[in-house]
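Below is the file entry_29.csv, which contains CSV, C-alpha atoms.
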```csv
chain,number,residue,atom,x,y,z
A,1,MET,CA,-2.5,19.5,-24.7
A,2,GLN,CA,-6.2,18.7,-25.0
A,3,PHE,CA,-7.8,16.7,-22.2
A,4,SER,CA,-11.3,15.4,-22.2
A,5,SER,CA,-11.6,15.5,-18.4
A,6,GLY,CA,-11.2,18.6,-16.2
A,7,LEU,CA,-10.1,16.5,-13.3
A,8,LEU,CA,-7.3,15.0,-15.3
A,9,GLU,CA,-6.3,18.4,-16.6
A,10,SER,CA,-6.1,20.0,-13.1
A,11,ALA,CA,-4.0,17.1,-11.8
A,12,VAL,CA,-1.6,17.4,-14.7
A,13,ASN,CA,-1.4,21.2,-14.2
A,14,GLU,CA,-0.6,20.7,-10.5
A,15,PHE,CA,2.2,18.3,-11.2
A,16,ALA,CA,3.6,20.5,-14.0
A,17,LYS,CA,4.1,23.3,-11.4
A,18,LEU,CA,6.9,21.2,-9.8
A,19,PRO,CA,10.4,22.1,-10.8
A,20,GLY,CA,11.8,20.1,-13.7
A,21,ILE,CA,8.4,18.5,-14.5
A,22,GLY,CA,7.0,19.4,-17.9
A,23,LYS,CA,3.5,18.7,-19.1
A,24,LYS,CA,4.3,15.3,-20.7
A,25,THR,CA,6.1,14.1,-17.5
A,26,ALA,CA,3.2,15.4,-15.4
A,27,LEU,CA,0.7,13.4,-17.6
A,28,ARG,CA,2.8,10.3,-17.2
A,29,LEU,CA,2.8,10.7,-13.4
A,30,VAL,CA,-0.9,11.4,-13.3
A,31,LEU,CA,-1.8,8.4,-15.5
A,32,HIS,CA,0.4,6.2,-13.3
A,33,LEU,CA,-1.6,7.4,-10.2
A,34,LEU,CA,-4.8,6.8,-12.1
A,35,ARG,CA,-3.8,3.1,-12.4
A,36,GLN,CA,-3.2,2.8,-8.6
A,37,GLU,CA,-5.8,2.0,-5.9
A,38,PRO,CA,-7.6,5.1,-4.6
A,39,GLY,CA,-6.2,4.3,-1.1
A,40,THR,CA,-2.7,4.4,-2.5
A,41,VAL,CA,-3.3,7.8,-4.0
A,42,SER,CA,-4.9,9.1,-0.8
A,43,ARG,CA,-1.8,8.0,1.1
A,44,PHE,CA,0.4,9.8,-1.3
A,45,SER,CA,-1.6,13.1,-1.1
A,46,GLU,CA,-2.1,12.9,2.7
A,47,THR,CA,1.6,12.3,3.3
A,48,ILE,CA,2.5,15.3,1.2
A,49,ASP,CA,-0.1,17.6,2.8
A,50,ARG,CA,0.8,16.4,6.3
A,51,MET,CA,4.5,16.9,5.7
A,52,ARG,CA,3.9,20.6,4.7
A,53,LYS,CA,1.5,21.3,7.5
A,54,GLU,CA,3.3,19.6,10.4
A,55,ILE,CA,7.0,19.8,9.6
A,56,CYS,CA,8.9,22.3,11.7
A,57,PHE,CA,12.3,23.9,11.6
A,58,CYS,CA,14.7,23.1,14.5
A,59,LYS,CA,14.8,26.0,16.9
A,60,ARG,CA,18.5,25.5,17.3
A,61,CYS,CA,19.9,24.7,13.9
A,62,PHE,CA,17.1,25.3,11.4
A,63,ASN,CA,17.2,21.8,10.1
A,64,VAL,CA,13.9,20.2,9.3
A,65,ALA,CA,12.3,18.7,12.4
A,66,ASP,CA,9.2,16.8,13.5
A,67,GLY,CA,9.0,18.9,16.7
A,68,ASP,CA,10.9,21.7,18.3
A,69,PHE,CA,14.3,20.2,17.7
A,70,CYS,CA,15.6,18.1,14.9
A,71,ALA,CA,16.7,14.5,15.3
A,72,VAL,CA,20.4,15.5,15.3
A,73,CYS,CA,20.0,18.2,18.0
A,74,ALA,CA,17.8,15.9,20.1
A,75,ASN,CA,20.4,13.1,20.0
A,76,SER,CA,22.5,13.3,23.1
A,77,HIS,CA,25.1,10.9,21.5
A,78,ARG,CA,26.1,13.6,19.0
A,79,GLN,CA,29.0,15.8,19.8
A,80,GLN,CA,27.2,19.1,20.8
A,81,HIS,CA,30.3,21.3,20.7
A,82,THR,CA,31.0,20.9,17.0
A,83,ILE,CA,28.8,22.8,14.5
A,84,CYS,CA,28.9,22.1,10.8
A,85,VAL,CA,27.6,25.2,8.9
A,86,VAL,CA,25.7,24.4,5.7
A,87,GLU,CA,23.6,26.3,3.2
A,88,THR,CA,20.5,24.1,3.0
A,89,ILE,CA,18.7,21.2,4.4
A,90,ARG,CA,19.8,19.2,1.4
A,91,ASP,CA,23.4,19.6,2.5
A,92,VAL,CA,22.5,18.2,5.9
A,93,ILE,CA,21.0,15.1,4.3
A,94,ALA,CA,24.1,14.7,2.1
A,95,ILE,CA,26.5,14.9,5.0
A,96,GLU,CA,24.3,12.6,7.2
A,97,SER,CA,24.3,10.1,4.4
A,98,THR,CA,28.1,9.8,4.6
A,99,GLN,CA,27.8,8.6,8.3
A,100,GLN,CA,31.1,10.3,8.9
A,101,TYR,CA,30.0,13.2,11.0
A,102,ASN,CA,28.9,13.1,14.6
A,103,GLY,CA,28.4,16.8,15.5
A,104,THR,CA,25.5,19.2,15.1
A,105,TYR,CA,24.6,21.4,12.2
A,106,HIS,CA,23.6,25.0,11.5
A,107,VAL,CA,21.5,25.7,8.3
A,108,LEU,CA,22.2,29.2,7.1
A,109,GLY,CA,19.4,29.1,4.5
A,110,GLY,CA,21.8,30.4,1.8
A,111,VAL,CA,25.0,32.4,1.5
A,112,ILE,CA,25.7,36.1,1.4
A,113,SER,CA,25.1,37.4,-2.1
A,114,PRO,CA,24.6,41.1,-2.4
A,115,LEU,CA,23.7,40.8,-6.1
A,116,ASP,CA,20.7,38.7,-5.1
A,117,GLY,CA,19.9,41.0,-2.3
A,118,VAL,CA,20.9,38.4,0.3
A,119,GLY,CA,22.8,40.0,3.2
A,120,PRO,CA,23.8,38.5,6.6
A,121,ASP,CA,20.4,39.6,8.1
A,122,GLN,CA,18.5,37.3,5.6
A,123,LEU,CA,20.4,34.3,6.8
A,124,ASN,CA,20.6,32.4,10.1
A,125,ILE,CA,23.9,34.0,11.0
A,126,GLY,CA,22.8,35.9,14.1
A,127,SER,CA,21.6,32.6,15.7
A,128,LEU,CA,24.9,30.9,14.8
A,129,LEU,CA,26.9,33.6,16.5
A,130,HIS,CA,24.6,33.3,19.5
A,131,ARG,CA,25.1,29.5,19.6
A,132,VAL,CA,28.9,29.8,19.5
A,133,GLU,CA,28.7,32.3,22.3
A,134,HIS,CA,26.4,30.3,24.6
A,135,GLU,CA,27.1,26.6,23.7
A,136,ARG,CA,30.8,26.5,24.3
A,137,THR,CA,31.4,25.6,20.7
A,138,GLU,CA,34.8,24.1,20.1
A,139,GLU,CA,34.8,23.8,16.3
A,140,LEU,CA,32.9,25.4,13.5
A,141,ILE,CA,33.2,23.4,10.2
A,142,PHE,CA,32.2,25.2,7.1
A,143,ALA,CA,30.7,22.9,4.5
A,144,LEU,CA,29.5,25.6,2.0
A,145,ASN,CA,29.7,25.3,-1.8
A,146,PRO,CA,33.0,26.5,-3.2
A,147,THR,CA,31.7,29.8,-4.7
A,148,ILE,CA,32.7,33.4,-4.2
A,149,GLN,CA,29.5,33.8,-2.2
A,150,GLY,CA,30.3,30.8,0.0
A,151,ASP,CA,33.8,32.2,0.6
A,152,THR,CA,32.4,35.7,1.4
A,153,THR,CA,30.1,34.1,4.0
A,154,ILE,CA,32.9,32.2,5.6
A,155,TYR,CA,35.0,35.4,5.7
A,156,TYR,CA,32.1,37.4,7.3
A,157,ILE,CA,31.4,34.8,10.0
A,158,GLN,CA,35.0,34.3,10.7
A,159,LYS,CA,35.5,38.0,11.2
A,160,LYS,CA,32.6,38.1,13.7
A,161,LEU,CA,34.1,35.3,15.7
A,162,GLN,CA,37.8,36.3,15.6
A,163,ASP,CA,37.9,37.0,19.4
A,164,ARG,CA,36.2,33.7,20.3
A,165,PRO,CA,38.1,30.6,21.3
A,166,VAL,CA,36.6,28.5,18.5
A,167,ARG,CA,38.5,26.5,15.9
A,168,ILE,CA,37.2,27.4,12.4
A,169,THR,CA,37.7,24.9,9.6
A,170,THR,CA,36.3,24.1,6.2
A,171,ILE,CA,35.9,20.7,4.5
A,172,ALA,CA,38.7,19.7,2.2
A,173,ARG,CA,38.6,20.7,-1.5
A,174,GLY,CA,40.5,18.5,-3.9
A,175,ILE,CA,40.2,16.0,-6.7
A,176,ALA,CA,37.0,14.0,-6.2
A,177,PHE,CA,37.3,10.2,-5.9
A,178,GLY,CA,36.8,8.9,-9.4
A,179,GLY,CA,37.7,12.3,-10.9
A,180,GLU,CA,40.1,12.5,-13.8
A,181,LEU,CA,43.1,14.6,-12.9
A,182,GLU,CA,43.5,16.0,-16.4
A,183,TYR,CA,40.0,17.4,-16.4
A,184,ALA,CA,40.2,19.1,-13.0
A,185,ASP,CA,40.2,22.9,-13.0
A,186,GLU,CA,43.5,24.6,-12.2
A,187,LEU,CA,42.3,26.1,-9.0
A,188,THR,CA,41.2,22.8,-7.5
A,189,LEU,CA,44.3,21.0,-8.7
A,190,GLY,CA,46.5,23.8,-7.4
A,191,ARG,CA,44.8,23.8,-4.0
A,192,SER,CA,44.9,20.1,-3.7
A,193,LEU,CA,48.7,20.2,-4.3
A,194,GLN,CA,49.1,22.8,-1.6
A,195,ASN,CA,46.9,20.9,0.9
A,196,ARG,CA,48.6,17.6,0.2
A,197,LEU,CA,48.3,14.9,2.8
A,198,PRO,CA,50.9,12.4,4.2
A,199,VAL,CA,50.1,9.1,2.5
A,200,GLU,CA,49.6,7.3,5.8
A,201,LYS,CA,46.8,9.7,6.6
A,202,TYR,CA,45.2,9.2,3.2
A,203,MET,CA,45.4,5.5,3.3
A,204,SER,CA,43.8,5.3,6.8
A,205,ARG,CA,40.5,6.8,5.5
B,206,MET,CA,19.8,8.9,2.5
B,207,GLN,CA,19.6,9.9,6.1
B,208,PHE,CA,16.8,12.3,7.0
B,209,SER,CA,16.4,14.0,10.3
B,210,SER,CA,12.6,14.2,10.0
B,211,GLY,CA,10.2,11.3,9.6
B,212,LEU,CA,7.7,13.6,7.9
B,213,LEU,CA,10.3,14.5,5.3
B,214,GLU,CA,11.4,11.0,4.8
B,215,SER,CA,7.8,9.7,4.2
B,216,ALA,CA,7.1,12.4,1.7
B,217,VAL,CA,10.3,11.7,-0.2
B,218,ASN,CA,9.4,8.0,-0.2
B,219,GLU,CA,6.0,8.6,-1.6
B,220,PHE,CA,7.4,10.7,-4.5
B,221,ALA,CA,10.1,8.2,-5.2
B,222,LYS,CA,7.4,5.6,-5.9
B,223,LEU,CA,6.4,7.5,-9.0
B,224,PRO,CA,7.8,6.1,-12.3
B,225,GLY,CA,11.1,7.8,-13.3
B,226,ILE,CA,11.5,9.7,-10.0
B,227,GLY,CA,14.5,8.6,-8.0
B,228,LYS,CA,15.3,9.5,-4.4
B,229,LYS,CA,17.3,12.6,-5.3
B,230,THR,CA,14.6,14.0,-7.6
B,231,ALA,CA,11.9,13.2,-5.0
B,232,LEU,CA,13.9,15.1,-2.4
B,233,ARG,CA,14.1,18.1,-4.7
B,234,LEU,CA,10.4,18.1,-5.3
B,235,VAL,CA,9.6,17.7,-1.6
B,236,LEU,CA,11.9,20.6,-0.7
B,237,HIS,CA,10.3,22.7,-3.3
B,238,LEU,CA,6.8,22.0,-1.8
B,239,LEU,CA,8.3,22.8,1.6
B,240,ARG,CA,9.0,26.3,0.4
B,241,GLN,CA,5.4,26.8,-0.8
B,242,GLU,CA,2.5,28.1,1.3
B,243,PRO,CA,0.6,25.3,3.1
B,244,GLY,CA,-2.5,26.3,1.1
B,245,THR,CA,-0.6,25.7,-2.2
B,246,VAL,CA,0.5,22.3,-1.1
B,247,SER,CA,-3.0,21.4,0.1
B,248,ARG,CA,-4.4,22.4,-3.3
B,249,PHE,CA,-1.8,20.1,-4.9
B,250,SER,CA,-2.6,17.1,-2.7
B,251,GLU,CA,-6.4,17.6,-2.8
B,252,THR,CA,-6.4,17.9,-6.6
B,253,ILE,CA,-4.5,14.6,-7.0
B,254,ASP,CA,-6.7,12.8,-4.5
B,255,ARG,CA,-9.9,14.2,-6.0
B,256,MET,CA,-8.8,13.2,-9.5
B,257,ARG,CA,-8.2,9.6,-8.5
B,258,LYS,CA,-11.5,9.4,-6.5
B,259,GLU,CA,-13.8,11.1,-8.9
B,260,ILE,CA,-12.5,10.4,-12.3
B,261,CYS,CA,-14.6,8.0,-14.4
B,262,PHE,CA,-14.1,6.1,-17.6
B,263,CYS,CA,-16.5,6.9,-20.4
B,264,LYS,CA,-19.2,4.2,-20.6
B,265,ARG,CA,-19.0,4.4,-24.4
B,266,CYS,CA,-15.4,4.8,-25.4
B,267,PHE,CA,-13.4,4.2,-22.1
B,268,ASN,CA,-11.7,7.5,-22.3
B,269,VAL,CA,-11.3,9.4,-19.0
B,270,ALA,CA,-14.4,11.3,-18.1
B,271,ASP,CA,-15.7,13.6,-15.4
B,272,GLY,CA,-19.1,11.8,-15.5
B,273,ASP,CA,-20.7,9.0,-17.4
B,274,PHE,CA,-19.5,10.1,-20.8
B,275,CYS,CA,-16.3,11.8,-21.8
B,276,ALA,CA,-16.2,15.3,-23.3
B,277,VAL,CA,-15.7,13.9,-26.8
B,278,CYS,CA,-18.7,11.5,-26.6
B,279,ALA,CA,-20.9,14.2,-25.0
B,280,ASN,CA,-20.1,16.7,-27.7
B,281,SER,CA,-22.9,16.6,-30.3
B,282,HIS,CA,-20.7,18.5,-32.8
B,283,ARG,CA,-18.4,15.5,-33.1
B,284,GLN,CA,-18.9,13.1,-36.0
B,285,GLN,CA,-20.5,10.2,-34.1
B,286,HIS,CA,-20.2,7.6,-36.9
B,287,THR,CA,-16.4,7.7,-37.0
B,288,ILE,CA,-14.4,5.8,-34.4
B,289,CYS,CA,-10.7,6.2,-33.9
B,290,VAL,CA,-9.4,3.1,-32.1
B,291,VAL,CA,-6.4,3.7,-29.8
B,292,GLU,CA,-4.5,1.8,-27.2
B,293,THR,CA,-4.4,4.3,-24.3
B,294,ILE,CA,-5.9,7.5,-22.9
B,295,ARG,CA,-2.5,9.1,-23.7
B,296,ASP,CA,-3.1,8.5,-27.4
B,297,VAL,CA,-6.5,10.2,-27.2
B,298,ILE,CA,-4.7,13.3,-25.7
B,299,ALA,CA,-2.1,13.2,-28.4
B,300,ILE,CA,-4.6,13.0,-31.2
B,301,GLU,CA,-6.9,15.7,-29.6
B,302,SER,CA,-3.9,18.0,-29.4
B,303,THR,CA,-3.5,17.9,-33.2
B,304,GLN,CA,-7.0,19.4,-33.5
B,305,GLN,CA,-7.3,17.5,-36.8
B,306,TYR,CA,-9.9,14.9,-35.8
B,307,ASN,CA,-13.6,15.4,-35.3
B,308,GLY,CA,-14.9,11.9,-34.6
B,309,THR,CA,-15.1,9.7,-31.5
B,310,TYR,CA,-12.6,7.4,-29.9
B,311,HIS,CA,-12.5,3.9,-28.5
B,312,VAL,CA,-9.7,3.1,-26.0
B,313,LEU,CA,-8.8,-0.6,-26.2
B,314,GLY,CA,-6.7,-0.5,-23.0
B,315,GLY,CA,-3.7,-2.1,-24.8
B,316,VAL,CA,-3.2,-4.5,-27.7
B,317,ILE,CA,-3.4,-8.3,-28.1
B,318,SER,CA,-0.1,-9.8,-26.8
B,319,PRO,CA,-0.3,-13.5,-26.0
B,320,LEU,CA,3.3,-13.4,-24.6
B,321,ASP,CA,2.1,-10.9,-21.9
B,322,GLY,CA,-1.2,-12.8,-21.4
B,323,VAL,CA,-3.3,-10.2,-23.0
B,324,GLY,CA,-6.0,-11.6,-25.2
B,325,PRO,CA,-9.1,-10.0,-26.8
B,326,ASP,CA,-11.1,-10.6,-23.6
B,327,GLN,CA,-8.7,-8.4,-21.6
B,328,LEU,CA,-9.3,-5.5,-23.9
B,329,ASN,CA,-12.3,-3.3,-24.7
B,330,ILE,CA,-12.9,-5.1,-28.0
B,331,GLY,CA,-16.3,-6.6,-27.3
B,332,SER,CA,-17.7,-3.1,-26.6
B,333,LEU,CA,-16.1,-1.8,-29.8
B,334,LEU,CA,-17.8,-4.5,-31.9
B,335,HIS,CA,-21.1,-3.7,-30.1
B,336,ARG,CA,-20.7,-0.1,-30.9
B,337,VAL,CA,-20.0,-0.8,-34.6
B,338,GLU,CA,-23.1,-2.9,-34.7
B,339,HIS,CA,-25.5,-0.5,-33.0
B,340,GLU,CA,-24.1,3.0,-33.8
B,341,ARG,CA,-24.2,2.8,-37.6
B,342,THR,CA,-20.5,3.4,-37.6
B,343,GLU,CA,-19.2,4.4,-41.0
B,344,GLU,CA,-15.5,4.3,-40.5
B,345,LEU,CA,-13.1,2.7,-38.0
B,346,ILE,CA,-9.6,4.4,-38.0
B,347,PHE,CA,-6.9,2.4,-36.3
B,348,ALA,CA,-4.3,4.6,-34.6
B,349,LEU,CA,-2.3,1.8,-32.9
B,350,ASN,CA,1.4,1.8,-32.4
B,351,PRO,CA,3.2,0.1,-35.4
B,352,THR,CA,4.1,-3.1,-33.6
B,353,ILE,CA,3.4,-6.8,-34.3
B,354,GLN,CA,0.9,-6.7,-31.4
B,355,GLY,CA,-0.8,-3.6,-32.9
B,356,ASP,CA,-1.0,-5.3,-36.3
B,357,THR,CA,-2.4,-8.5,-34.7
B,358,THR,CA,-5.1,-6.5,-33.0
B,359,ILE,CA,-6.0,-4.7,-36.2
B,360,TYR,CA,-6.2,-8.1,-38.0
B,361,TYR,CA,-8.3,-9.6,-35.2
B,362,ILE,CA,-10.9,-6.8,-35.1
B,363,GLN,CA,-11.0,-6.5,-38.9
B,364,LYS,CA,-11.8,-10.3,-39.2
B,365,LYS,CA,-14.6,-9.9,-36.7
B,366,LEU,CA,-16.1,-7.0,-38.7
B,367,GLN,CA,-15.6,-8.4,-42.2
B,368,ASP,CA,-19.3,-8.8,-42.8
B,369,ARG,CA,-20.2,-5.3,-41.6
B,370,PRO,CA,-20.6,-2.3,-43.9
B,371,VAL,CA,-17.8,-0.3,-42.2
B,372,ARG,CA,-14.8,1.2,-43.8
B,373,ILE,CA,-11.6,0.2,-41.9
B,374,THR,CA,-8.5,2.4,-42.2
B,375,THR,CA,-5.3,3.0,-40.3
B,376,ILE,CA,-3.4,6.2,-39.9
B,377,ALA,CA,-0.5,6.8,-42.4
B,378,ARG,CA,2.9,5.4,-41.7
B,379,GLY,CA,5.8,7.2,-43.3
B,380,ILE,CA,8.8,9.5,-42.8
B,381,ALA,CA,8.0,11.9,-39.9
B,382,PHE,CA,8.1,15.6,-40.6
B,383,GLY,CA,11.6,16.7,-39.6
B,384,GLY,CA,12.9,13.1,-39.9
B,385,GLU,CA,16.0,12.4,-41.9
B,386,LEU,CA,15.5,10.1,-44.8
B,387,GLU,CA,18.8,8.3,-44.5
B,388,TYR,CA,18.1,7.3,-40.9
B,389,ALA,CA,14.6,5.9,-41.6
B,390,ASP,CA,14.3,2.2,-41.2
B,391,GLU,CA,13.8,0.2,-44.4
B,392,LEU,CA,10.3,-0.9,-43.6
B,393,THR,CA,9.1,2.6,-43.0
B,394,LEU,CA,10.9,3.9,-46.1
B,395,GLY,CA,9.6,1.1,-48.2
B,396,ARG,CA,6.0,1.5,-47.1
B,397,SER,CA,6.2,5.2,-47.5
B,398,LEU,CA,7.3,4.7,-51.2
B,399,GLN,CA,4.4,2.2,-51.8
B,400,ASN,CA,1.9,4.6,-50.2
B,401,ARG,CA,3.1,7.7,-52.0
B,402,LEU,CA,0.7,10.6,-52.4
B,403,PRO,CA,0.0,12.9,-55.4
B,404,VAL,CA,1.9,16.1,-54.6
B,405,GLU,CA,-1.3,18.2,-54.8
B,406,LYS,CA,-2.8,16.1,-52.0
B,407,TYR,CA,0.4,16.5,-49.9
B,408,MET,CA,0.6,20.3,-50.4
B,409,SER,CA,-3.0,20.8,-49.5
B,410,ARG,CA,-2.4,19.6,-46.0
```
For the file at hand, write its structure as structure tokens.
Amino acid sequence: MQFSSGLLESAVNEFAKLPGIGKKTALRLVLHLLRQEPGTVSRFSETIDRMRKEICFCKRCFNVADGDFCAVCANSHRQQHTICVVETIRDVIAIESTQQYNGTYHVLGGVISPLDGVGPDQLNIGSLLHRVEHERTEELIFALNPTIQGDTTIYYIQKKLQDRPVRITTIARGIAFGGELEYADELTLGRSLQNRLPVEKYMSR
Amino acid sequence: MQFSSGLLESAVNEFAKLPGIGKKTALRLVLHLLRQEPGTVSRFSETIDRMRKEICFCKRCFNVADGDFCAVCANSHRQQHTICVVETIRDVIAIESTQQYNGTYHVLGGVISPLDGVGPDQLNIGSLLHRVEHERTEELIFALNPTIQGDTTIYYIQKKLQDRPVRITTIARGIAFGGELEYADELTLGRSLQNRLPVEKYMSR
């Protein structure tokens, strides 16, 4: 692409560095910003800059936070003895958006994946074990993605906690609502048969 | 979506204001920036802000410019007596990227569209007529989108210039390279038959 302004070109190049944004999309976004008031664009850029500079990670659960602790950990109405273990911050947002969970979280920062060079020490596992030991945790709910790496991670943590009086569960796997039975993979369909629910329990949800 | 950080939420909301960017994409972009160094993010936001504050529009052709005149108008190697009339800055970038044009541009800022309340006075038409009158323009090449509004605009400007010794042309319409003949619309196919070229001329391109 040939630009007749260096300022425009730099802005397009910056946008094009973002994941999933190509040069043409970047140009569309920049031309959109060019049509906005300078104040609007300043607010955009200041908000992004401030987010990166001021955002913290919760000292307890590694979720994003505006201060030392995230809004979930700082909320005394949340059930403090239940920990939902997730891979990323995005998973926290997804679960929070269901408004079905009232405990705390622990963001691992990934899952154990030897092929990618990710071992337990690269993840927030030590701090999780420490929490279970010192916070009188009653239940640990794993909400990891259903991959071999996710299962390995569950297995590893469960082993480390086998002498602790903590209930360890994982979120249900099964046919998604709106999913077509005939297109479900065999593993999911098989597991969802094994883990079948009494209809009363299903209907009450 | 439920965020546990106000800083994160504001940043996602700012990105989600951009065209074609939904909340989920905005979150993905923000989490990407969160993984970058603060300096990288500062450079991103400063570049965008500076672009909006410092970018100018060329006093002659209304293309984007870093100063009073755009890089095309300021380039003395460009053929100054040929003007390519386009709707938007994006069209200038598209034509410049072909590297097949060596004249100047004139960005109208749209096309005449009475239904949308856009008349000749809302567009950079007066300045174009002024240029043709004072710059000894030899050729005016219309590169507008092939719409009724585009054709109306060509007709309007052509009428205004009918007493001037300026050659008025439009870019060729026809079957696109890589286009399938059988899927071409009748108007395009009909026009491309009417405006057929000697093979030697076609091959020499």
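Between atom CA of Leu161 of chain A and atom CA of Cys61 of chain A lies a distance of 17.8 Å.
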Please, what distance in Å, to one decimal, runs between atom CA of Val277 of chain B and atom CA of Glu292 of chain B?
16.5 Å
Can you check which parts of chain A lie within 7 Å of chain B? Per residue, the shortest pair of atoms and distance in Å to one decimal, counting all atoms listed in the file, sorted by chain and number, as a tab-separated table.
```
residue	atom	partner	partner_atom	distance
A:Met1	CA	B:Ser302	CA	5.1
A:Gln2	CA	B:Ser302	CA	5.0
A:Phe3	CA	B:Ile298	CA	5.8
A:Ser4	CA	B:Ala276	CA	5.0
A:Ser5	CA	B:Ala270	CA	5.1
A:Gly6	CA	B:Asp271	CA	6.8
A:Leu7	CA	B:Met256	CA	5.2
A:Leu8	CA	B:Met256	CA	6.3
A:Ser10	CA	B:Thr252	CA	6.8
A:Ala11	CA	B:Ile253	CA	5.4
A:Glu14	CA	B:Phe249	CA	5.8
A:Leu18	CA	B:Leu234	CA	6.5
A:Pro19	CA	B:Leu234	CA	6.8
A:Leu29	CA	B:Leu223	CA	6.5
A:Leu34	CA	B:Arg257	CA	5.7
A:Pro38	CA	B:Arg257	CA	6.0
A:Val41	CA	B:Asp254	CA	6.1
A:Ser42	CA	B:Asp254	CA	5.5
A:Phe44	CA	B:Glu219	CA	5.7
A:Ser45	CA	B:Ser250	CA	4.4
A:Glu46	CA	B:Ser250	CA	6.9
A:Thr47	CA	B:Ala216	CA	5.7
A:Ile48	CA	B:Ala216	CA	5.5
A:Asp49	CA	B:Ser247	CA	5.5
A:Met51	CA	B:Leu212	CA	5.1
A:Arg52	CA	B:Leu239	CA	5.8
A:Lys53	CA	B:Pro243	CA	6.0
A:Ile55	CA	B:Leu212	CA	6.5
A:Val64	CA	B:Ser210	CA	6.2
A:Ala65	CA	B:Ser210	CA	5.1
A:Asp66	CA	B:Ser210	CA	5.5
A:Cys70	CA	B:Ser209	CA	6.2
A:Ala71	CA	B:Ser209	CA	5.0
A:Val72	CA	B:Ser209	CA	6.6
A:Ile93	CA	B:Gln207	CA	5.7
A:Glu96	CA	B:Gln207	CA	5.5
A:Ser97	CA	B:Gln207	CA	5.0
```
Would you output that residue set with C-alpha atoms, as a CSV table (one decimal), in the coordinates of the input?
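Here's the written file out.csv:
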```
chain,number,residue,atom,x,y,z
A,1,MET,CA,-2.5,19.5,-24.7
A,2,GLN,CA,-6.2,18.7,-25.0
A,3,PHE,CA,-7.8,16.7,-22.2
A,4,SER,CA,-11.3,15.4,-22.2
A,5,SER,CA,-11.6,15.5,-18.4
A,6,GLY,CA,-11.2,18.6,-16.2
A,7,LEU,CA,-10.1,16.5,-13.3
A,8,LEU,CA,-7.3,15.0,-15.3
A,10,SER,CA,-6.1,20.0,-13.1
A,11,ALA,CA,-4.0,17.1,-11.8
A,14,GLU,CA,-0.6,20.7,-10.5
A,18,LEU,CA,6.9,21.2,-9.8
A,19,PRO,CA,10.4,22.1,-10.8
A,29,LEU,CA,2.8,10.7,-13.4
A,34,LEU,CA,-4.8,6.8,-12.1
A,38,PRO,CA,-7.6,5.1,-4.6
A,41,VAL,CA,-3.3,7.8,-4.0
A,42,SER,CA,-4.9,9.1,-0.8
A,44,PHE,CA,0.4,9.8,-1.3
A,45,SER,CA,-1.6,13.1,-1.1
A,46,GLU,CA,-2.1,12.9,2.7
A,47,THR,CA,1.6,12.3,3.3
A,48,ILE,CA,2.5,15.3,1.2
A,49,ASP,CA,-0.1,17.6,2.8
A,51,MET,CA,4.5,16.9,5.7
A,52,ARG,CA,3.9,20.6,4.7
A,53,LYS,CA,1.5,21.3,7.5
A,55,ILE,CA,7.0,19.8,9.6
A,64,VAL,CA,13.9,20.2,9.3
A,65,ALA,CA,12.3,18.7,12.4
A,66,ASP,CA,9.2,16.8,13.5
A,70,CYS,CA,15.6,18.1,14.9
A,71,ALA,CA,16.7,14.5,15.3
A,72,VAL,CA,20.4,15.5,15.3
A,93,ILE,CA,21.0,15.1,4.3
A,96,GLU,CA,24.3,12.6,7.2
A,97,SER,CA,24.3,10.1,4.4
```
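Picture a line from atom CA of Ile380 of chain B to atom CA of Gly308 of chain B; it runs 25.2 Å.
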Using only C-alpha atoms, which residues sit within 9 Å of segment 328-344 of chain B once same-chain residues fewer than 2 positions away are excluded, as a ChimeraX atom specification?
/B:265-267,285-290,311-317,323-326,346,362,365-366,369-374
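Nearest to Phe142 of chain A of all the residues A:Ala172, A:Val199, A:Leu115, A:Cys58 is A:Ala172, counting all atoms listed in the file.
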